[in-house]
Amino acid sequence: MPKDNYKHIQVGGKITVRPWNLTEKPKFYATHITLVVGPTGAGKSSFIEALSGDKSLRISKNQLDGYTQSVTPYEVVNARYTYKSICLLDCPGFSDTNISEMEIMDMIKKWLKTHGIDSVQSILYFCPVTDMRLPGSKLRTIEMLKALVTGSGSKNSSGEKSNEGGVTIVTTMWDTVWNLRMKERAEANFIQLRDSVWKVCACITRFLNTQDSALVILDDCRAHWGSAFGDAYRVVDEKGPLGDTYYGRLLYQDLLGRIESARTQKRALESELTQEEVRNNPALHSIIKTGLRTTDRILKKFEKQLDLFTDITAESEEQVHEPRQTTDLSVSDTRGMNHEGERTRTWMKSTLVRVQKISKNLNAFRSKK
């Protein structure tokens with residue numbers, strides 16, 4: 001059992017985590033709900049597993065193949081805030097190529113509405129400290145979260161909306177920092193995240209991949225929620241068209257970038273299908289055709305989501321057509337999405353090499369029979 005030396009968490013036995021059985025009709029008014037968000041592979045599932053004290057949940061099993069694709073509630077057992085149970089709402093990863101931020105936010109809203117909940121108290125945003133840079137897509141996600149929690153806050157003493165305690169930044173991958181050079185880089189990234197990228201947030205922490213570290217983070221999360229100017233997110237605060245809100249315009253910008261990227265990849269795949277080396281290789285041709293169908297399906301989904309922004313004005317559209325940028329936590333600039341065609345061709349070449357190798361081995365095997 002971890003040391004019971006937390007300011008806000010009360011420990012009542014062996015701490016674990018279990019999927020919340022919604023048929024039990026939990027009293028959400030007596031529950032502190034925390035959104036668990038971040039880029040795909042940032043360590044969200046590892047955090048929940050560490051909190052459980054063992055790997056029995058197998059949340060991070062097969063992470064390369066099947067990321068979290070729905071909103072899943074977890075109850076922290078034998079640990080609670082004063083008078084409140086702790087619910088972790090695990091969400092699909094942001095900045096994923098197959099699912100938009102718009103889609104994730106819609107999942108969250110629908111889940112809250114289905115269960116009669118109008119607010120989320122806190123947000124834990126997971127960010128690998130080993131990242132060498134933050135691409136434009138992640139920077140837009142960060143700006144969207146800032147705008148989201150600020151919109152749900154109350155006015156501070158200066159008369160401005162402020163809600164810095166709504167988000168706690170959880171830096172991850174510290175257990176993979178194994179030499180002095182990596183440690184120095186990680187520390188520099190942490191300082192950059194704290195002082196520049198997330199400077200408006202009240203709390204930035206380190207997850208050390210242990211249960212005690214996870215509990216300390218939840219304890220800090222509760223402390224900073226107490227100093228915030230409101231809950232992190234309130235559905236009832238969303239009044240009027242989504243396109244009229246700053247965070248809505250950022251979601252719109254994210255969709256524009258995704259559509260541009262998907263169209264570029266679609267053109268690259270269509271071009272590959274006309275290549276003689278592809279036409280003469282049935283296995284590679286099938287792989288590319290499958291990739292093209294997947295890309296086309298994703299493109300149509302994003303375009304349909306964009307249709308929901310019929311309320312975007314010319315002025316709003318101007319505000320979201322900004323140059324894409326990449327921050328390297330020390331800071332650099334590149335146009336990542338514009339290289340989609342080049343990345344697709346590189347992938348095609350590597351796939352061709354693999355297919356040719358398989359064909360060569362298969363022919364050699366047949367000749368021996």
# chains A, B, ... in the order shown; residues from 1 in each chain; ligands from 1
call {"tool": "closest_atom_pairs", "arguments": {"of": "range 177-291 of chain A", "to": "range 77-83 of chain A", "cutoff": "9 Å", "atoms": "only C-alpha atoms", "output": "Markdown table"}}
result
| residue | atom | partner | partner_atom | distance |
| --- | --- | --- | --- | --- |
| A:Leu215 | CA | A:Ala79 | CA | 8.9 |
| A:Asp219 | CA | A:Tyr81 | CA | 8.4 |
| A:Arg222 | CA | A:Tyr81 | CA | 7.8 |
call {"tool": "residues_around", "arguments": {"residues": "Tyr125 in chain A", "least_positions_apart": "2", "cutoff": "6 Å", "atoms": "only C-alpha atoms", "output": "compact mmCIF listing (two decimals) with all heavy atoms, in the first residue's frame"}}
result
# COMPACT_ATOMS: atom_id res chain seq x y z
N VAL A 37 -6.36 12.81 -21.16
CA VAL A 37 -6.18 13.09 -22.59
C VAL A 37 -4.71 13.27 -22.92
O VAL A 37 -3.86 13.42 -22.03
CB VAL A 37 -6.97 14.34 -23.02
CG1 VAL A 37 -8.45 14.17 -22.78
CG2 VAL A 37 -6.45 15.58 -22.29
N GLY A 38 -4.43 13.27 -24.22
CA GLY A 38 -3.05 13.46 -24.67
C GLY A 38 -2.86 12.78 -26.01
O GLY A 38 -3.74 12.06 -26.50
N ILE A 169 -0.68 19.25 -16.35
CA ILE A 169 0.18 18.65 -17.38
C ILE A 169 1.00 17.54 -16.75
O ILE A 169 1.70 17.76 -15.77
CB ILE A 169 1.11 19.69 -18.01
CG1 ILE A 169 0.33 20.94 -18.40
CG2 ILE A 169 1.84 19.10 -19.22
CD1 ILE A 169 -0.88 20.67 -19.25
N VAL A 170 0.90 16.35 -17.32
CA VAL A 170 1.64 15.19 -16.82
C VAL A 170 2.71 14.82 -17.83
O VAL A 170 2.41 14.32 -18.91
CB VAL A 170 0.70 13.99 -16.58
CG1 VAL A 170 1.48 12.81 -16.00
CG2 VAL A 170 -0.46 14.38 -15.67
call {"tool": "atom_distance", "arguments": {"atom1": "CA of His8 in chain A", "atom2": "CA of Val76 in chain A"}}
result
14.1 Å
call {"tool": "select_by_dssp", "arguments": {"residues": "range 173-276 of chain A", "states": "strand (DSSP E)", "output": "JSON, numbers by chain"}}
result
{"A": [203, 204, 205, 206, 233, 234]}
call {"tool": "write_last_selection", "arguments": {"atoms": "C-alpha atoms", "output": "CSV table (one decimal), in the first residue's frame"}}
result
chain,number,residue,atom,x,y,z
A,203,CYS,CA,0.5,22.6,-12.6
A,204,ILE,CA,3.0,20.6,-14.5
A,205,THR,CA,4.1,17.3,-13.0
A,206,ARG,CA,6.3,14.2,-13.6
A,233,TYR,CA,-15.2,21.9,-18.8
A,234,ARG,CA,-19.0,22.5,-18.5
call {"tool": "atom_distance", "arguments": {"atom1": "CA of Pro39 in chain A", "atom2": "CA of Gly93 in chain A"}}
result
4.7 Å
call {"tool": "residues_around", "arguments": {"residues": "Ile108 in chain A", "least_positions_apart": "3", "cutoff": "8 Å", "atoms": "only C-alpha atoms", "output": "list in words"}}
result
Val71, Cys91, Ile104, Met105, Trp111 and Leu112 of chain A
call {"tool": "write_last_selection", "arguments": {"atoms": "N, CA and C atoms", "output": "short mmCIF file (atom, residue, chain, number, x, y, z; two decimals), in the first residue's frame"}}
result
data_model
loop_
_atom_site.label_atom_id
_atom_site.label_comp_id
_atom_site.auth_asym_id
_atom_site.auth_seq_id
_atom_site.Cartn_x
_atom_site.Cartn_y
_atom_site.Cartn_z
N VAL A 71 -14.64 6.55 -25.25
CA VAL A 71 -14.52 7.13 -23.91
C VAL A 71 -14.82 6.02 -22.89
N CYS A 91 -9.79 8.82 -22.78
CA CYS A 91 -10.26 9.25 -24.10
C CYS A 91 -9.30 8.80 -25.20
N ILE A 104 -13.31 13.43 -31.06
CA ILE A 104 -13.07 13.09 -29.65
C ILE A 104 -13.93 13.95 -28.74
N MET A 105 -13.98 15.26 -29.01
CA MET A 105 -14.80 16.15 -28.18
C MET A 105 -16.28 15.76 -28.27
N TRP A 111 -20.99 11.22 -24.16
CA TRP A 111 -20.88 10.38 -22.96
C TRP A 111 -21.44 11.13 -21.75
N LEU A 112 -21.06 12.39 -21.62
CA LEU A 112 -21.54 13.18 -20.49
C LEU A 112 -23.06 13.32 -20.53
#
call {"tool": "residues_around", "arguments": {"residues": "Leu292 in chain A", "least_positions_apart": "2", "cutoff": "12 Å", "atoms": "only C-alpha atoms", "output": "PyMOL selection string"}}
result
chain A and resi 262-273+285-290+294-299+344
call {"tool": "write_last_selection", "arguments": {"atoms": "N, CA and C atoms", "output": "mmCIF file, in the first residue's frame"}}
result
data_model
loop_
_atom_site.group_PDB
_atom_site.id
_atom_site.type_symbol
_atom_site.label_atom_id
_atom_site.label_comp_id
_atom_site.auth_asym_id
_atom_site.auth_seq_id
_atom_site.Cartn_x
_atom_site.Cartn_y
_atom_site.Cartn_z
ATOM 1 N N ALA A 262 -5.071 14.352 -45.906
ATOM 2 C CA ALA A 262 -5.685 13.151 -46.477
ATOM 3 C C ALA A 262 -5.781 13.239 -48.002
ATOM 4 N N ARG A 263 -6.094 14.427 -48.516
ATOM 5 C CA ARG A 263 -6.165 14.594 -49.970
ATOM 6 C C ARG A 263 -4.793 14.406 -50.605
ATOM 7 N N THR A 264 -3.763 14.923 -49.958
ATOM 8 C CA THR A 264 -2.398 14.759 -50.475
ATOM 9 C C THR A 264 -2.007 13.282 -50.499
ATOM 10 N N GLN A 265 -2.329 12.581 -49.419
ATOM 11 C CA GLN A 265 -1.996 11.161 -49.367
ATOM 12 C C GLN A 265 -2.795 10.374 -50.392
ATOM 13 N N LYS A 266 -4.048 10.742 -50.595
ATOM 14 C CA LYS A 266 -4.878 10.061 -51.585
ATOM 15 C C LYS A 266 -4.282 10.214 -52.977
ATOM 16 N N ARG A 267 -3.843 11.441 -53.313
ATOM 17 C CA ARG A 267 -3.233 11.664 -54.634
ATOM 18 C C ARG A 267 -1.956 10.850 -54.787
ATOM 19 N N ALA A 268 -1.163 10.770 -53.713
ATOM 20 C CA ALA A 268 0.091 10.014 -53.771
ATOM 21 C C ALA A 268 -0.181 8.527 -53.990
ATOM 22 N N LEU A 269 -1.195 7.993 -53.307
ATOM 23 C CA LEU A 269 -1.535 6.581 -53.463
ATOM 24 C C LEU A 269 -2.064 6.294 -54.861
ATOM 25 N N GLU A 270 -2.911 7.196 -55.375
ATOM 26 C CA GLU A 270 -3.431 7.030 -56.732
ATOM 27 C C GLU A 270 -2.298 7.055 -57.747
ATOM 28 N N SER A 271 -1.294 7.900 -57.513
ATOM 29 C CA SER A 271 -0.138 7.969 -58.401
ATOM 30 C C SER A 271 0.669 6.675 -58.356
ATOM 31 N N GLU A 272 0.803 6.119 -57.167
ATOM 32 C CA GLU A 272 1.561 4.877 -57.019
ATOM 33 C C GLU A 272 0.919 3.733 -57.790
ATOM 34 N N LEU A 273 -0.400 3.725 -57.845
ATOM 35 C CA LEU A 273 -1.100 2.651 -58.545
ATOM 36 C C LEU A 273 -0.830 2.651 -60.044
ATOM 37 N N HIS A 285 0.219 -4.097 -55.061
ATOM 38 C CA HIS A 285 -0.955 -3.421 -55.609
ATOM 39 C C HIS A 285 -2.128 -3.529 -54.639
ATOM 40 N N SER A 286 -2.301 -4.711 -54.028
ATOM 41 C CA SER A 286 -3.393 -4.920 -53.071
ATOM 42 C C SER A 286 -3.206 -4.067 -51.817
ATOM 43 N N ILE A 287 -1.948 -3.974 -51.349
ATOM 44 C CA ILE A 287 -1.658 -3.172 -50.157
ATOM 45 C C ILE A 287 -1.992 -1.700 -50.406
ATOM 46 N N ILE A 288 -1.591 -1.196 -51.575
ATOM 47 C CA ILE A 288 -1.829 0.212 -51.885
ATOM 48 C C ILE A 288 -3.326 0.479 -52.083
ATOM 49 N N LYS A 289 -4.027 -0.449 -52.726
ATOM 50 C CA LYS A 289 -5.475 -0.289 -52.900
ATOM 51 C C LYS A 289 -6.181 -0.232 -51.546
ATOM 52 N N THR A 290 -5.743 -1.081 -50.619
ATOM 53 C CA THR A 290 -6.330 -1.066 -49.273
ATOM 54 C C THR A 290 -6.055 0.267 -48.582
ATOM 55 N N THR A 294 -8.813 3.082 -47.289
ATOM 56 C CA THR A 294 -8.800 3.598 -45.915
ATOM 57 C C THR A 294 -8.676 5.117 -45.902
ATOM 58 N N THR A 295 -7.775 5.641 -46.713
ATOM 59 C CA THR A 295 -7.576 7.092 -46.794
ATOM 60 C C THR A 295 -8.830 7.797 -47.286
ATOM 61 N N ASP A 296 -9.484 7.210 -48.283
ATOM 62 C CA ASP A 296 -10.708 7.812 -48.822
ATOM 63 C C ASP A 296 -11.821 7.812 -47.780
ATOM 64 N N ARG A 297 -11.918 6.733 -46.999
ATOM 65 C CA ARG A 297 -12.941 6.661 -45.951
ATOM 66 C C ARG A 297 -12.695 7.732 -44.886
ATOM 67 N N ILE A 298 -11.442 7.892 -44.480
ATOM 68 C CA ILE A 298 -11.104 8.891 -43.464
ATOM 69 C C ILE A 298 -11.347 10.303 -43.993
ATOM 70 N N LEU A 299 -10.991 10.532 -45.260
ATOM 71 C CA LEU A 299 -11.196 11.847 -45.876
ATOM 72 C C LEU A 299 -12.677 12.218 -45.881
ATOM 73 N N THR A 344 4.583 9.352 -47.896
ATOM 74 C CA THR A 344 3.842 8.241 -48.493
ATOM 75 C C THR A 344 4.719 7.461 -49.453
#
call {"tool": "select_by_dssp", "arguments": {"residues": "range 181-301 of chain A", "states": "alpha helix (DSSP H)", "output": "PyMOL selection string"}}
result
chain A and resi 181-192+211-226+246-273+276-279+282-301
call {"tool": "residues_around", "arguments": {"residues": "Ile33 in chain A", "least_positions_apart": "6", "cutoff": "9 Å", "atoms": "only C-alpha atoms", "output": "VMD selection string"}}
result
chain A and resid 85 to 89 119 to 123
call {"tool": "write_last_selection", "arguments": {"atoms": "N, CA, C and O atoms", "output": "mmCIF file, in the first residue's frame"}}
result
data_model
loop_
_atom_site.group_PDB
_atom_site.id
_atom_site.type_symbol
_atom_site.label_atom_id
_atom_site.label_comp_id
_atom_site.auth_asym_id
_atom_site.auth_seq_id
_atom_site.Cartn_x
_atom_site.Cartn_y
_atom_site.Cartn_z
ATOM 1 N N SER A 85 -15.784 10.345 -4.819
ATOM 2 C CA SER A 85 -15.082 9.265 -5.493
ATOM 3 C C SER A 85 -14.276 9.858 -6.650
ATOM 4 O O SER A 85 -14.523 10.995 -7.068
ATOM 5 N N ILE A 86 -13.326 9.084 -7.171
ATOM 6 C CA ILE A 86 -12.476 9.551 -8.271
ATOM 7 C C ILE A 86 -12.803 8.738 -9.512
ATOM 8 O O ILE A 86 -12.704 7.508 -9.514
ATOM 9 N N CYS A 87 -13.192 9.422 -10.580
ATOM 10 C CA CYS A 87 -13.485 8.785 -11.869
ATOM 11 C C CYS A 87 -12.513 9.322 -12.916
ATOM 12 O O CYS A 87 -12.396 10.538 -13.096
ATOM 13 N N LEU A 88 -11.811 8.415 -13.581
ATOM 14 C CA LEU A 88 -10.919 8.788 -14.677
ATOM 15 C C LEU A 88 -11.611 8.459 -15.989
ATOM 16 O O LEU A 88 -12.025 7.318 -16.216
ATOM 17 N N LEU A 89 -11.741 9.460 -16.848
ATOM 18 C CA LEU A 89 -12.421 9.285 -18.127
ATOM 19 C C LEU A 89 -11.367 9.204 -19.223
ATOM 20 O O LEU A 89 -10.830 10.213 -19.667
ATOM 21 N N SER A 119 -20.603 18.494 -16.247
ATOM 22 C CA SER A 119 -19.272 19.090 -16.109
ATOM 23 C C SER A 119 -18.208 18.055 -15.786
ATOM 24 O O SER A 119 -18.476 16.988 -15.252
ATOM 25 N N VAL A 120 -16.993 18.417 -16.163
ATOM 26 C CA VAL A 120 -15.783 17.655 -15.828
ATOM 27 C C VAL A 120 -14.930 18.554 -14.953
ATOM 28 O O VAL A 120 -14.669 19.707 -15.308
ATOM 29 N N GLN A 121 -14.507 18.049 -13.812
ATOM 30 C CA GLN A 121 -13.795 18.904 -12.863
ATOM 31 C C GLN A 121 -12.365 19.208 -13.292
ATOM 32 O O GLN A 121 -11.897 20.336 -13.172
ATOM 33 N N SER A 122 -11.656 18.196 -13.785
ATOM 34 C CA SER A 122 -10.230 18.378 -14.087
ATOM 35 C C SER A 122 -9.860 17.681 -15.390
ATOM 36 O O SER A 122 -10.560 16.779 -15.854
ATOM 37 N N ILE A 123 -8.726 18.114 -15.952
ATOM 38 C CA ILE A 123 -8.168 17.472 -17.141
ATOM 39 C C ILE A 123 -6.703 17.157 -16.869
ATOM 40 O O ILE A 123 -5.943 18.025 -16.431
#
call {"tool": "atom_distance", "arguments": {"atom1": "CA of Ser52 in chain A", "atom2": "CA of Leu208 in chain A"}}
result
14.4 Å
call {"tool": "closest_residue", "arguments": {"among": "A:Lys300, A:Lys146, A:Ser95, A:Thr210", "to": "Ala42 in chain A", "atoms": "only C-alpha atoms"}}
result
A:Ser95
